[in-house]
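Shown below: start.txt, with compact mmCIF, C-alpha atoms.
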```txt
# COMPACT_ATOMS: atom_id res chain seq x y z
CA MET N 1 0.00 0.00 0.00
CA ILE N 2 1.49 3.31 -1.08
CA ASP N 3 1.68 6.03 1.57
CA SER N 4 -0.88 8.75 0.77
CA SER N 5 1.66 11.44 1.58
CA LEU N 6 3.64 10.39 -1.52
CA TRP N 7 0.65 11.22 -3.72
CA GLU N 8 0.36 14.61 -2.00
CA ILE N 9 4.05 15.26 -2.71
CA LEU N 10 3.64 14.31 -6.38
CA VAL N 11 0.67 16.65 -6.85
CA THR N 12 2.46 19.48 -5.04
CA PHE N 13 5.52 19.09 -7.29
CA GLN N 14 3.34 19.29 -10.39
CA GLU N 15 1.61 22.43 -9.07
CA CYS N 16 4.86 24.16 -8.06
CA GLY N 17 6.95 23.13 -11.08
CA THR N 18 10.31 22.89 -9.30
CA LEU N 19 11.80 20.87 -6.46
CA SER N 20 12.78 24.00 -4.53
CA ALA N 21 9.28 25.52 -4.70
CA ALA N 22 7.60 22.22 -3.74
CA ALA N 23 10.04 21.71 -0.85
CA GLU N 24 9.35 25.22 0.42
CA LYS N 25 5.57 24.70 0.25
CA LEU N 26 5.77 21.35 2.07
CA TYR N 27 8.33 22.57 4.65
CA VAL N 28 10.83 19.81 3.81
CA SER N 29 14.35 19.79 2.39
CA GLN N 30 14.97 19.23 -1.32
CA PRO N 31 16.92 16.00 -0.67
CA SER N 32 13.98 14.62 1.38
CA LEU N 33 11.57 15.54 -1.42
CA SER N 34 13.78 13.95 -4.06
CA ALA N 35 14.06 10.77 -1.97
CA ALA N 36 10.26 10.63 -1.58
CA MET N 37 9.78 10.84 -5.36
CA LYS N 38 12.29 8.04 -5.94
CA ARG N 39 10.47 5.95 -3.32
CA LEU N 40 7.16 6.49 -5.14
CA GLU N 41 8.71 5.40 -8.44
CA LYS N 42 10.15 2.30 -6.77
CA GLU N 43 6.83 1.32 -5.20
CA LEU N 44 4.98 1.85 -8.49
CA GLY N 45 7.65 0.11 -10.56
CA VAL N 46 7.62 2.88 -13.19
CA MET N 47 9.56 6.05 -13.98
CA LEU N 48 7.59 9.25 -13.39
CA PHE N 49 10.27 11.83 -14.15
CA GLU N 50 12.77 12.91 -16.77
CA ARG N 51 15.91 13.90 -14.94
CA SER N 52 18.80 16.04 -16.18
CA LYS N 53 21.74 17.54 -14.35
CA ASN N 54 19.90 20.65 -13.18
CA ARG N 55 16.26 19.81 -13.82
CA ILE N 56 13.55 17.25 -13.06
CA GLU N 57 10.28 17.07 -15.00
CA LEU N 58 7.26 14.80 -15.08
CA ASN N 59 7.14 12.43 -18.04
CA GLU N 60 3.92 11.29 -19.68
CA VAL N 61 3.41 8.52 -17.10
CA GLY N 62 4.06 11.06 -14.34
CA GLU N 63 1.40 13.44 -15.70
CA GLU N 64 -1.13 10.59 -15.70
CA ALA N 65 -0.04 9.65 -12.17
CA VAL N 66 -0.77 13.22 -11.04
CA ARG N 67 -4.26 13.08 -12.54
CA LEU N 68 -5.00 9.77 -10.80
CA ALA N 69 -3.40 11.02 -7.57
CA ARG N 70 -5.76 14.00 -7.43
CA THR N 71 -8.74 11.66 -7.80
CA HIS N 72 -7.32 9.36 -5.12
CA ILE N 73 -6.67 12.22 -2.68
CA GLN N 74 -10.17 13.65 -3.15
CA SER N 75 -11.72 10.20 -2.77
CA GLU N 76 -9.81 9.62 0.45
CA ARG N 77 -10.90 12.99 1.85
CA THR N 78 -14.51 12.30 0.91
CA MET N 79 -14.33 8.90 2.63
CA VAL N 80 -12.91 10.43 5.82
CA GLU N 81 -15.53 13.18 5.86
CA HIS N 82 -18.30 10.65 5.26
CA LEU N 83 -17.15 8.39 8.10
CA GLN N 84 -16.71 11.33 10.47
CA GLU N 85 -20.20 12.61 9.62
CA MET N 86 -21.65 9.13 10.12
CA ALA N 87 -19.96 8.85 13.52
CA ARG N 88 -21.29 12.28 14.48
CA ARG N 89 -24.82 11.31 13.49
CA LEU N 90 -24.66 8.07 15.46
CA SER N 91 -23.49 9.88 18.59
CA ALA N 92 -25.87 12.83 18.28
CA ILE N 93 -29.54 13.60 17.69
CA THR N 94 -30.24 16.66 15.58
CA VAL N 95 -33.42 18.68 15.92
CA ALA N 96 -34.32 21.49 13.52
CA SER N 97 -37.09 24.07 13.58
CA TYR N 98 -37.94 27.70 12.95
CA ALA N 99 -40.03 27.69 16.15
CA THR N 100 -37.27 28.35 18.68
CA GLY N 101 -39.19 27.73 21.89
CA LEU N 102 -40.69 24.43 20.75
CA CYS N 103 -37.29 23.29 19.49
CA LYS N 104 -35.80 23.96 22.91
CA MET N 105 -38.64 22.02 24.54
CA LEU N 106 -37.96 19.01 22.30
CA VAL N 107 -34.21 19.20 22.93
CA GLU N 108 -34.82 19.09 26.69
CA LYS N 109 -37.09 16.06 26.27
CA LEU N 110 -34.54 14.19 24.16
CA SER N 111 -31.72 15.08 26.57
CA GLY N 112 -33.64 13.36 29.35
CA MET N 113 -34.31 10.30 27.20
CA PHE N 114 -30.77 9.99 25.80
CA PRO N 115 -28.27 11.39 28.36
CA GLU N 116 -25.42 9.56 26.59
CA LYS N 117 -25.95 11.45 23.32
CA SER N 118 -25.36 15.02 22.21
CA ILE N 119 -28.60 16.77 21.30
CA VAL N 120 -27.94 19.34 18.59
CA SER N 121 -30.46 21.98 17.51
CA GLU N 122 -30.52 23.96 14.28
CA HIS N 123 -32.58 27.11 13.76
CA LEU N 124 -33.62 27.17 10.09
CA PRO N 125 -36.46 28.50 7.92
CA SER N 126 -39.26 25.96 7.62
CA GLU N 127 -38.85 25.45 3.87
CA LEU N 128 -35.42 23.87 4.45
CA LEU N 129 -36.63 21.24 6.93
CA PRO N 130 -38.12 18.58 4.60
CA GLY N 131 -34.86 18.31 2.64
CA GLY N 132 -32.82 18.00 5.82
CA LEU N 133 -35.05 15.19 7.08
CA SER N 134 -34.96 13.35 3.77
CA ASP N 135 -31.17 13.41 3.41
CA GLY N 136 -30.56 12.40 7.02
CA ARG N 137 -29.13 15.67 8.36
CA PHE N 138 -31.99 16.01 10.88
CA ASP N 139 -33.48 13.34 13.11
CA PHE N 140 -36.52 15.44 14.02
CA ALA N 141 -38.05 18.68 12.80
CA ILE N 142 -40.90 20.87 14.04
CA THR N 143 -42.87 22.59 11.29
CA GLU N 144 -46.03 24.67 11.04
CA TYR N 145 -47.29 22.41 8.24
CA ALA N 146 -47.56 18.66 7.72
CA ILE N 147 -44.83 17.26 5.47
CA ASP N 148 -46.18 14.73 2.99
CA GLU N 149 -43.12 12.93 1.64
CA PRO N 150 -42.15 9.26 1.30
CA GLU N 151 -39.99 7.89 4.12
CA LEU N 152 -41.07 10.69 6.48
CA VAL N 153 -43.76 10.64 9.17
CA CYS N 154 -45.47 13.74 10.54
CA VAL N 155 -47.81 13.95 13.56
CA PRO N 156 -49.58 16.85 15.32
CA TYR N 157 -47.26 18.15 18.03
CA VAL N 158 -48.45 21.35 19.72
CA THR N 159 -51.01 24.03 19.04
CA ASP N 160 -49.42 27.25 20.25
CA ARG N 161 -51.10 30.61 20.67
CA LEU N 162 -49.93 34.19 20.71
CA MET N 163 -50.66 35.96 23.98
CA VAL N 164 -50.16 39.50 25.26
CA ARG N 165 -48.16 39.89 28.47
CA LEU N 166 -49.63 42.58 30.73
CA SER N 167 -48.67 43.92 34.13
CA ALA N 168 -51.18 43.46 36.96
CA SER N 169 -51.97 47.19 36.87
CA ASP N 170 -52.63 47.26 33.12
CA ALA N 171 -56.13 48.37 32.18
CA LEU N 172 -56.48 45.28 29.95
CA ALA N 173 -55.34 42.81 32.61
CA GLY N 174 -58.87 41.80 33.57
CA LYS N 175 -59.98 40.89 30.05
CA GLU N 176 -60.28 37.27 28.89
CA SER N 177 -58.81 38.23 25.51
CA VAL N 178 -57.66 41.35 23.69
CA THR N 179 -58.13 42.59 20.16
CA LEU N 180 -56.07 44.74 17.85
CA GLN N 181 -58.43 47.59 18.66
CA ASP N 182 -57.54 47.23 22.37
CA LEU N 183 -53.82 47.47 21.54
CA GLN N 184 -53.94 50.18 18.90
CA ASP N 185 -52.47 53.00 21.01
CA SER N 186 -49.76 50.96 22.77
CA THR N 187 -46.22 49.83 21.95
CA LEU N 188 -45.54 46.09 22.09
CA LEU N 189 -42.16 44.40 22.41
CA VAL N 190 -41.24 41.48 20.16
CA TRP N 191 -38.14 39.36 20.78
CA THR N 192 -36.80 38.43 17.34
CA GLN N 193 -35.16 35.18 18.50
CA THR N 194 -38.54 33.44 18.64
CA GLY N 195 -37.96 32.64 14.96
CA PHE N 196 -41.24 31.62 13.34
CA TRP N 197 -43.37 33.75 15.65
CA ALA N 198 -41.28 36.90 15.21
CA ALA N 199 -41.59 36.53 11.43
CA HIS N 200 -45.32 35.74 11.77
CA ILE N 201 -45.94 38.83 13.91
CA ARG N 202 -43.96 41.02 11.52
CA LYS N 203 -45.94 39.72 8.54
CA LYS N 204 -49.40 39.81 10.12
CA LEU N 205 -49.28 42.74 12.54
CA SER N 206 -46.53 45.22 11.67
CA ASP N 207 -48.91 47.38 9.62
CA LYS N 208 -51.59 47.31 12.36
CA LEU N 209 -49.68 47.87 15.61
CA HIS N 210 -46.68 49.80 16.86
CA LEU N 211 -44.10 47.06 17.37
CA VAL N 212 -40.54 47.24 18.69
CA PHE N 213 -38.37 44.30 17.60
CA VAL N 214 -35.45 43.53 19.94
CA ASN N 215 -32.63 41.11 19.04
CA ASP N 216 -30.81 40.89 22.36
CA GLU N 217 -32.56 38.88 25.09
CA LYS N 218 -30.99 40.89 27.93
CA GLU N 219 -32.10 44.17 26.36
CA TYR N 220 -35.57 42.73 25.82
CA HIS N 221 -36.00 41.85 29.52
CA GLU N 222 -34.49 45.16 30.64
CA LEU N 223 -37.05 47.07 28.58
CA LEU N 224 -39.87 44.98 30.02
CA GLN N 225 -38.75 45.67 33.57
CA ALA N 226 -37.83 49.34 33.16
CA PHE N 227 -40.95 50.48 31.34
CA ASP N 228 -43.45 47.77 32.30
CA MET N 229 -44.21 47.41 28.60
CA ARG N 230 -46.74 45.20 26.94
CA ALA N 231 -45.19 42.37 24.98
CA PHE N 232 -46.11 39.33 22.98
CA ILE N 233 -45.55 35.97 24.62
CA LEU N 234 -46.36 32.41 23.59
CA GLU N 235 -48.67 30.09 25.44
CA SER N 236 -45.93 27.43 25.36
CA THR N 237 -43.55 29.85 27.10
CA ILE N 238 -46.10 30.55 29.84
CA ALA N 239 -46.62 26.84 30.41
CA ASN N 240 -42.87 26.21 30.68
CA ARG N 241 -42.00 29.22 32.87
CA ASN N 242 -45.12 29.56 35.02
CA LEU N 243 -45.30 33.31 34.38
CA GLN N 244 -48.99 33.76 35.08
CA SER N 245 -48.42 34.21 38.81
CA THR N 246 -46.49 37.44 38.12
CA TYR N 247 -48.14 38.79 34.99
CA HIS N 248 -51.47 38.59 33.27
CA CYS N 249 -51.18 36.91 29.89
CA VAL N 250 -54.26 37.02 27.69
CA PRO N 251 -54.85 35.65 24.17
CA LEU N 252 -54.86 37.90 21.15
CA ALA N 253 -58.29 37.24 19.66
CA GLU N 254 -57.39 37.66 16.00
CA GLU N 255 -57.37 35.22 13.10
CA GLY N 256 -54.05 33.46 12.54
CA MET N 257 -52.77 33.92 16.09
CA GLN N 258 -53.12 30.23 16.91
CA VAL N 259 -50.88 27.85 14.96
CA SER N 260 -50.70 24.05 14.91
CA PHE N 261 -47.21 22.60 14.74
CA TYR N 262 -46.13 19.14 13.60
CA LEU N 263 -43.34 16.85 14.74
CA CYS N 264 -41.72 15.15 11.76
CA CYS N 265 -39.01 12.51 11.44
CA PRO N 266 -37.71 9.73 9.17
CA LEU N 267 -39.59 6.44 9.45
CA LYS N 268 -36.70 4.89 11.40
CA ASN N 269 -37.44 7.28 14.30
CA GLU N 270 -41.21 6.85 14.28
CA TYR N 271 -41.12 4.55 17.33
CA LEU N 272 -39.91 7.49 19.47
CA LEU N 273 -42.80 9.82 18.66
CA PRO N 274 -45.24 8.70 21.42
CA ALA N 275 -42.66 9.47 24.10
CA LEU N 276 -41.91 12.89 22.60
CA LEU N 277 -45.45 14.21 22.30
CA PRO N 278 -46.21 16.68 25.12
CA HIS N 279 -49.48 17.18 26.91
CA PRO N 280 -51.57 19.65 24.90
CA LEU N 281 -51.22 23.26 25.95
CA HIS N 282 -54.98 23.64 25.90
CA ASN N 283 -58.03 21.79 24.61
```

Rewrite the structure from the file as structure tokens, please.
Amino acid sequence: MIDSSLWEILVTFQECGTLSAAAEKLYVSQPSLSAAMKRLEKELGVMLFERSKNRIELNEVGEEAVRLARTHIQSERTMVEHLQEMARRLSAITVASYATGLCKMLVEKLSGMFPEKSIVSEHLPSELLPGGLSDGRFDFAITEYAIDEPELVCVPYVTDRLMVRLSASDALAGKESVTLQDLQDSTLLVWTQTGFWAAHIRKKLSDKLHLVFVNDEKEYHELLQAFDMRAFILESTIANRNLQSTYHCVPLAEEGMQVSFYLCCPLKNEYLLPALLPHPLHN
């Protein structure tokens, strides 16, 4: 078996054109490089170079050897990358979603079920999720639509609802729900890192309400505390953080503010779905 480094040396020589340039690029001495080339010729049983007193050049066989060496080197790199990626997939579970909060909830669930594995989450637009499931990059995905593709299974996961977070002294705090009319003269905070919901709010409500979008979570919470501002919050967040004891959170009674999400996975992971489905947030 020929040492792969010899193929690398051959290709580097062809790219550099001279022994001195190749030796400099590879951080070796010219005599070491020359000895490596002779070793390659010996192992192959063919001459690869035309040698003169002050010059060494590839012959026709050498040029073909370079072409084949490039293919061999790329094939070897591809094999290594494939095996490393396979090992990573076997030791990790990857979850992808545009709904940040629900993705975090699923990651926590999987971490409890598989403490020996790394649980990796990816925050991606929903249109990229079916492809990632189909090609094996994702083990699970949460989408706002059912994916109908061969080799994938999709089940209802959570129906989440947009709420308005109000202080106890807010004039709207006693209402069972609020409307856009109720909120027309107020400023509402939106944390952009909610992913799907931030985009949904921007699309559906930015022309109807005065919204302030905040990227940084610390800044978002500081604004809430300092100015006691109204803000959007998700029903799933309330359920996970038990915020209702401190604030009043009421539903926004507008069309499109309640969204059903689906948990999707390849067929090989279907057996895990019953254990991953949460209790419904509401009936």

**OP:** Just the residues within 12 Å of range 59-66 of chain N, please, counting all atoms listed in the file, with nothing from its chain fewer than 3 positions along; format it as a PyMOL selection string.
**Re:** chain N and resi 6-15+37+40-41+44-51+56+69-73

Counting only C-alpha atoms, give me one row per residue of range 141-179 of chain N with an atom at most 7 Å from an atom of range 257-264 of chain N, showing the shortest contact pair and its distance in Å to one decimal, sorted by chain then residue number, as JSON lines.
```
{"residue": "N:Ala141", "atom": "CA", "partner": "N:Cys264", "partner_atom": "CA", "distance": 5.2}
{"residue": "N:Ile142", "atom": "CA", "partner": "N:Leu263", "partner_atom": "CA", "distance": 4.8}
{"residue": "N:Thr143", "atom": "CA", "partner": "N:Tyr262", "partner_atom": "CA", "distance": 5.3}
{"residue": "N:Glu144", "atom": "CA", "partner": "N:Phe261", "partner_atom": "CA", "distance": 4.4}
{"residue": "N:Tyr145", "atom": "CA", "partner": "N:Tyr262", "partner_atom": "CA", "distance": 6.4}
{"residue": "N:Ala146", "atom": "CA", "partner": "N:Tyr262", "partner_atom": "CA", "distance": 6.1}
{"residue": "N:Leu152", "atom": "CA", "partner": "N:Cys264", "partner_atom": "CA", "distance": 6.9}
{"residue": "N:Val153", "atom": "CA", "partner": "N:Cys264", "partner_atom": "CA", "distance": 5.6}
{"residue": "N:Cys154", "atom": "CA", "partner": "N:Cys264", "partner_atom": "CA", "distance": 4.2}
{"residue": "N:Val155", "atom": "CA", "partner": "N:Tyr262", "partner_atom": "CA", "distance": 5.5}
{"residue": "N:Pro156", "atom": "CA", "partner": "N:Tyr262", "partner_atom": "CA", "distance": 4.5}
{"residue": "N:Tyr157", "atom": "CA", "partner": "N:Tyr262", "partner_atom": "CA", "distance": 4.7}
{"residue": "N:Val158", "atom": "CA", "partner": "N:Phe261", "partner_atom": "CA", "distance": 5.3}
{"residue": "N:Thr159", "atom": "CA", "partner": "N:Ser260", "partner_atom": "CA", "distance": 4.1}
{"residue": "N:Asp160", "atom": "CA", "partner": "N:Val259", "partner_atom": "CA", "distance": 5.5}
{"residue": "N:Arg161", "atom": "CA", "partner": "N:Gln258", "partner_atom": "CA", "distance": 4.3}
{"residue": "N:Leu162", "atom": "CA", "partner": "N:Met257", "partner_atom": "CA", "distance": 5.4}
```

**OP:** Taking the point (-50.0, 36.8, 23.9) as given in the file, collect each protein or nucleic acid residue that comes within 8 Å of it, counting only C-alpha atoms, and present the set as a count of residues only.
**Re:** 14

Subject >> Within-10 Å shell of (-30.3, 14.2, 17.7) in input frame, all atoms listed in the file, as a PyMOL selection string >> reply: chain N and resi 88-96+107+110-111+114+117-121+137-140

Contact table range 132-184 of chain N vs range 221-230 of chain N, cut-off 12 Å, shortest pair per residue, only C-alpha atoms, as CSV:
```
residue,atom,partner,partner_atom,distance
N:Met163,CA,N:Arg230,CA,10.5
N:Val164,CA,N:Arg230,CA,6.9
N:Arg165,CA,N:Arg230,CA,5.7
N:Leu166,CA,N:Arg230,CA,5.4
N:Ser167,CA,N:Asp228,CA,6.7
N:Ala168,CA,N:Asp228,CA,10.0
N:Ser169,CA,N:Asp228,CA,9.7
N:Asp170,CA,N:Arg230,CA,8.8
N:Ala171,CA,N:Arg230,CA,11.2
N:Leu172,CA,N:Arg230,CA,10.2
N:Ala173,CA,N:Arg230,CA,10.6
N:Asp182,CA,N:Arg230,CA,11.9
N:Leu183,CA,N:Arg230,CA,9.2
N:Gln184,CA,N:Arg230,CA,11.9
```

Provide range 216-251 of chain N rebuilt to N, CA and C atoms, formatted as a CSV table (one decimal), in the frame of the given file.
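See rebuild.csv below for the written result:
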```
chain,number,residue,atom,x,y,z
N,216,ASP,N,-31.5,41.4,21.2
N,216,ASP,CA,-30.8,40.9,22.4
N,216,ASP,C,-31.8,40.5,23.5
N,217,GLU,N,-31.6,39.3,24.0
N,217,GLU,CA,-32.6,38.9,25.1
N,217,GLU,C,-32.4,39.7,26.4
N,218,LYS,N,-31.2,40.1,26.7
N,218,LYS,CA,-31.0,40.9,27.9
N,218,LYS,C,-31.7,42.2,27.8
N,219,GLU,N,-31.5,42.9,26.6
N,219,GLU,CA,-32.1,44.2,26.4
N,219,GLU,C,-33.6,44.1,26.4
N,220,TYR,N,-34.1,43.0,25.8
N,220,TYR,CA,-35.6,42.7,25.8
N,220,TYR,C,-36.1,42.7,27.3
N,221,HIS,N,-35.5,42.0,28.1
N,221,HIS,CA,-36.0,41.8,29.5
N,221,HIS,C,-35.8,43.2,30.3
N,222,GLU,N,-34.7,43.9,30.0
N,222,GLU,CA,-34.5,45.2,30.6
N,222,GLU,C,-35.6,46.2,30.3
N,223,LEU,N,-36.0,46.2,29.0
N,223,LEU,CA,-37.0,47.1,28.6
N,223,LEU,C,-38.4,46.7,29.2
N,224,LEU,N,-38.6,45.4,29.3
N,224,LEU,CA,-39.9,45.0,30.0
N,224,LEU,C,-39.9,45.5,31.5
N,225,GLN,N,-38.8,45.3,32.2
N,225,GLN,CA,-38.8,45.7,33.6
N,225,GLN,C,-38.8,47.2,33.8
N,226,ALA,N,-38.0,47.9,33.0
N,226,ALA,CA,-37.8,49.3,33.2
N,226,ALA,C,-39.1,50.1,32.8
N,227,PHE,N,-39.8,49.7,31.8
N,227,PHE,CA,-41.0,50.5,31.3
N,227,PHE,C,-42.3,49.8,31.5
N,228,ASP,N,-42.2,48.6,32.1
N,228,ASP,CA,-43.4,47.8,32.3
N,228,ASP,C,-44.3,47.7,31.0
N,229,MET,N,-43.6,47.4,29.9
N,229,MET,CA,-44.2,47.4,28.6
N,229,MET,C,-45.0,46.2,28.3
N,230,ARG,N,-46.0,46.3,27.5
N,230,ARG,CA,-46.7,45.2,26.9
N,230,ARG,C,-45.9,44.5,25.9
N,231,ALA,N,-46.0,43.2,25.9
N,231,ALA,CA,-45.2,42.4,25.0
N,231,ALA,C,-45.9,41.1,24.6
N,232,PHE,N,-45.5,40.6,23.4
N,232,PHE,CA,-46.1,39.3,23.0
N,232,PHE,C,-45.4,38.2,23.7
N,233,ILE,N,-46.1,37.2,24.0
N,233,ILE,CA,-45.6,36.0,24.6
N,233,ILE,C,-46.3,34.8,24.1
N,234,LEU,N,-45.7,33.6,24.1
N,234,LEU,CA,-46.4,32.4,23.6
N,234,LEU,C,-46.9,31.6,24.7
N,235,GLU,N,-48.0,30.9,24.4
N,235,GLU,CA,-48.7,30.1,25.4
N,235,GLU,C,-47.7,29.0,25.9
N,236,SER,N,-46.9,28.5,25.0
N,236,SER,CA,-45.9,27.4,25.4
N,236,SER,C,-44.9,28.0,26.3
N,237,THR,N,-44.5,29.2,26.2
N,237,THR,CA,-43.6,29.8,27.1
N,237,THR,C,-44.1,30.0,28.5
N,238,ILE,N,-45.4,30.4,28.5
N,238,ILE,CA,-46.1,30.6,29.8
N,238,ILE,C,-46.2,29.2,30.6
N,239,ALA,N,-46.5,28.2,29.8
N,239,ALA,CA,-46.6,26.8,30.4
N,239,ALA,C,-45.3,26.4,31.0
N,240,ASN,N,-44.2,26.7,30.3
N,240,ASN,CA,-42.9,26.2,30.7
N,240,ASN,C,-42.3,27.0,31.8
N,241,ARG,N,-42.6,28.3,31.9
N,241,ARG,CA,-42.0,29.2,32.9
N,241,ARG,C,-42.9,29.6,34.0
N,242,ASN,N,-44.2,29.2,33.9
N,242,ASN,CA,-45.1,29.6,35.0
N,242,ASN,C,-45.2,31.1,35.3
N,243,LEU,N,-45.3,31.9,34.2
N,243,LEU,CA,-45.3,33.3,34.4
N,243,LEU,C,-46.6,33.9,34.8
N,244,GLN,N,-47.7,33.2,34.8
N,244,GLN,CA,-49.0,33.8,35.1
N,244,GLN,C,-49.1,34.2,36.5
N,245,SER,N,-48.3,33.8,37.4
N,245,SER,CA,-48.4,34.2,38.8
N,245,SER,C,-47.9,35.6,39.0
N,246,THR,N,-47.1,36.1,38.0
N,246,THR,CA,-46.5,37.4,38.1
N,246,THR,C,-47.2,38.4,37.2
N,247,TYR,N,-47.5,37.9,36.0
N,247,TYR,CA,-48.1,38.8,35.0
N,247,TYR,C,-49.5,38.2,34.5
N,248,HIS,N,-50.2,39.1,33.9
N,248,HIS,CA,-51.5,38.6,33.3
N,248,HIS,C,-51.2,38.4,31.8
N,249,CYS,N,-51.4,37.2,31.3
N,249,CYS,CA,-51.2,36.9,29.9
N,249,CYS,C,-52.5,36.5,29.3
N,250,VAL,N,-53.0,37.3,28.3
N,250,VAL,CA,-54.3,37.0,27.7
N,250,VAL,C,-54.1,36.8,26.2
N,251,PRO,N,-55.0,35.9,25.6
N,251,PRO,CA,-54.8,35.6,24.2
N,251,PRO,C,-55.2,36.9,23.3
```
